[in-house]
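Working notes, beginning with the structure itself.
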Amino acid sequence: MEFKSLEKKLGFKLIGIDVSGNLAKTRELIKENGATFPVLIDGDSYSREILHVTMTPTLFIIDGSGRIRSRLVGKVDNLERVVGGVLGCI
Amino acid sequence: MTRVSLLIVMVFVCLMTMQCCSGREGETALVILEELEAASGVKDPEDRLERLDIFVKNHPEDYFRRLAYWESFKTIADDVGSLERASEYLDGVLAKESDHALRGNLLLRKFAYVFKKNRRDAASLAAEMLDGGEVSPKLFLYMAYYLESDDEYVELTERCLKRALELVSDGFLRSRILVVLGEFLEEQGRRDEALEVLRKAGMDAFSGGSLGEILWEEGEREIALDHYIRYIAGVPSGVESVPLDSLFVLVNGDMSGLDEMILSKRIIDEGPLEQHAFVDIEGRRHDLADYIGDNLVIIIWSPT
């Protein structure tokens, strides 16, 4: 997937947060998906304790004022449609 | 010492100090994981155990020490070939670690490991933990996930789920547990109880899928449809199991308005994203505060 062009088209920044602590597998997943966005290491359970993530993947959409405007659980096949739909309304 | 020499020494010390300070602060999580990766990759099992032990001693408060403990357990169980010694090792760790989340995580990993080898032993382990003083709700929730796959452990599954519920009073985790319990009760044919439980699980979008299914079967199609829409709004991949388009047409005659309804339930306001600083896998620092002003999409994932 062309993440960079999607970010530009829809007007958002994309980051990943990895909760596994498995560097090798994370790097493999990044390569397989052609992920060009930053992948952050969750080294203190921020995702679970603060964001209350109970399953992965979970996707959050945050608006420009820093508010959480959508929480989507499970894989999101049509990222452009789903994210574009939300961003078009917030 | 001449002035030039002194100046050179001072510049050198300053540069080394800057490198050490910025490197250590900016790369902490990555450096720790790389150290763990190196220790876990040692070929000889006994050497590996020693390196993992050093890792834990070097990082006694670090979140990732749980991974070192688990690597040690697996090394003893699989490479050294002694599950008994591995269990003793883990008992030693649990005797000194009071962090409930860490304890729960390690006990769950042990349970899952044993479950793959011998379900009866795993069930005994779960029963022991129910009778003991463990207080991690996730431990009991995830053990229930395993146990519910086997009809022999229906009662034990229910005990685990109810214990998990006792340990968390509200929030997303409680809703998750309620969904799993509701789905379990429905599978057992205890529909009224399932409905009562699922109706309390509103924070978890999966509750919509389960409620939709039950209420559709009971003929309450409009309410069922509303729950299904809530489900698909929060779990987009839910369309693989719920033919929402067709169900919507059955109730409403056509598809008009469906996309808008999904979108309206998809857009929420959970309040401000709590600020936090991270290091990425390249060692670069990121502050979530730096993204204010931009729309931001965060994917939380795990490749394992």
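Quick note on naming: the chains in the structure tokens go A, B, ... in the order shown, residues restart at 1 in each chain, and ligands are numbered from 1 in order of appearance.
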Tell me as a compact mmCIF listing (two decimals) with C-alpha atoms, in the first residue's frame which residues belonging to chain A come within 8 Å of chain B, counting only C-alpha atoms.
```
# COMPACT_ATOMS: atom_id res chain seq x y z
CA GLY A 11 -4.34 14.97 4.91
CA PHE A 12 -3.17 12.97 7.90
CA LYS A 13 -0.01 11.62 9.50
CA LEU A 14 0.29 7.90 10.15
CA ILE A 15 2.19 6.22 12.96
CA GLY A 16 2.29 2.68 14.21
CA ILE A 17 2.76 1.59 17.82
CA ASP A 18 4.10 -1.89 18.35
CA VAL A 19 3.14 -3.62 21.58
CA SER A 20 4.94 -6.94 21.06
CA GLY A 21 8.51 -6.03 21.98
CA ASN A 22 9.63 -8.36 19.20
CA LEU A 23 11.97 -6.28 17.06
CA LYS A 25 9.05 -9.72 13.73
CA THR A 26 8.13 -6.04 13.76
CA LEU A 29 6.02 -6.94 9.22
CA PRO A 38 7.27 5.59 11.98
CA VAL A 39 6.70 2.51 14.13
CA LEU A 40 6.98 3.38 17.80
CA ILE A 41 7.90 0.99 20.57
CA ASP A 42 5.40 0.78 23.41
CA GLY A 43 7.83 0.28 26.25
CA ASP A 44 5.47 0.98 29.15
CA SER A 45 2.05 -0.37 28.19
CA SER A 47 -1.58 1.28 24.52
CA ILE A 50 -3.94 4.62 28.64
CA HIS A 52 -7.34 0.75 26.76
CA VAL A 53 -6.54 -1.33 23.73
CA THR A 54 -7.82 -4.87 24.27
CA THR A 56 -4.71 -5.72 17.98
CA PRO A 57 -4.80 -4.22 15.50
CA THR A 58 -6.72 -1.22 16.77
CA LEU A 59 -6.73 2.00 14.78
CA PHE A 60 -7.33 5.45 16.24
CA ILE A 61 -8.18 8.61 14.33
CA ILE A 62 -7.15 11.78 16.15
CA ASP A 63 -8.29 15.19 14.97
CA GLY A 64 -6.09 18.26 14.65
CA SER A 65 -6.96 19.43 18.16
CA GLY A 66 -5.67 16.16 19.58
CA ARG A 67 -9.02 14.51 20.37
CA ILE A 68 -9.70 10.82 19.72
CA ARG A 69 -12.49 10.75 17.14
CA SER A 70 -12.62 7.11 16.11
CA ARG A 71 -11.60 3.73 17.44
CA LEU A 72 -11.62 0.81 15.00
CA VAL A 73 -10.82 -2.74 16.02
CA GLY A 74 -9.49 -5.43 13.71
CA LYS A 75 -8.02 -5.10 10.26
CA VAL A 76 -9.21 -2.23 8.12
CA ASP A 77 -9.10 -3.35 4.51
CA GLY A 85 -14.92 8.97 5.59
CA VAL A 86 -14.14 9.96 9.17
CA LEU A 87 -11.71 12.74 8.29
CA ILE A 90 -14.54 15.83 11.72
```
| task | Please give the complete set of residues from chain A that DSSP, run on the backbone, assigns to strand (DSSP E or B), formatted as an MDAnalysis selection string. | result | chainID A and resid 13:18 39:41 58:62 67:73
| request: List every residue of range 2-209 of chain B that DSSP, applied to the backbone, labels as alpha helix (DSSP H), and write the result as a ChimeraX atom specification. | output: /B:3-26,28-40,45-58,65-74,83-96,100-117,119-131,137-147,154-166,171-187,191-198,206-209
Excluding Lys110 in chain B and residues on its chain fewer than 5 positions from it, collect all residues at most 10 Å away from it, counting only C-alpha atoms, and give them as a compact mmCIF listing (two decimals) with N, CA and C atoms, in the first residue's frame.
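Result written to around.txt:
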```txt
# COMPACT_ATOMS: atom_id res chain seq x y z
N TRP B 70 10.18 -14.89 30.07
CA TRP B 70 9.51 -15.90 29.25
C TRP B 70 10.51 -16.65 28.36
N PHE B 73 12.07 -19.19 30.49
CA PHE B 73 11.17 -20.33 30.70
C PHE B 73 11.22 -21.27 29.50
N LYS B 74 11.09 -20.67 28.30
CA LYS B 74 11.07 -21.51 27.08
C LYS B 74 12.40 -22.21 26.85
N ALA B 86 11.60 -25.55 34.42
CA ALA B 86 11.08 -24.28 33.89
C ALA B 86 10.00 -23.73 34.82
N SER B 87 9.14 -24.62 35.31
CA SER B 87 8.08 -24.20 36.23
C SER B 87 8.66 -23.70 37.54
N LEU B 90 9.93 -20.27 36.97
CA LEU B 90 8.85 -19.28 36.92
C LEU B 90 8.29 -19.03 38.33
N GLY B 104 0.35 -11.76 35.70
CA GLY B 104 -0.72 -12.27 34.85
C GLY B 104 -0.20 -12.67 33.48
N ASN B 105 0.66 -11.84 32.93
CA ASN B 105 1.23 -12.10 31.61
C ASN B 105 2.03 -13.41 31.61
N PHE B 115 -1.25 -25.70 27.81
CA PHE B 115 -2.49 -26.05 27.10
C PHE B 115 -2.20 -26.76 25.78
N ALA B 122 -3.38 -28.07 31.87
CA ALA B 122 -3.65 -26.63 31.78
C ALA B 122 -4.91 -26.29 32.58
N LEU B 125 -4.14 -26.14 36.13
CA LEU B 125 -3.42 -24.89 36.40
C LEU B 125 -4.41 -23.73 36.55
```
| request: Counting only C-alpha atoms, figure out which residue out of B:Ser72, B:Ser82, B:Ser124, B:Thr157 gets nearest to Tyr145 in chain B. | output: B:Thr157
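In this model, the gap between CA of Gly41 in chain B and CA of Ala68 in chain B comes to 11.4 Å.
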| request: Between CA of His59 in chain B and CA of Glu28 in chain A, measure the distance and give it in Å to one decimal. | output: 26.2 Å
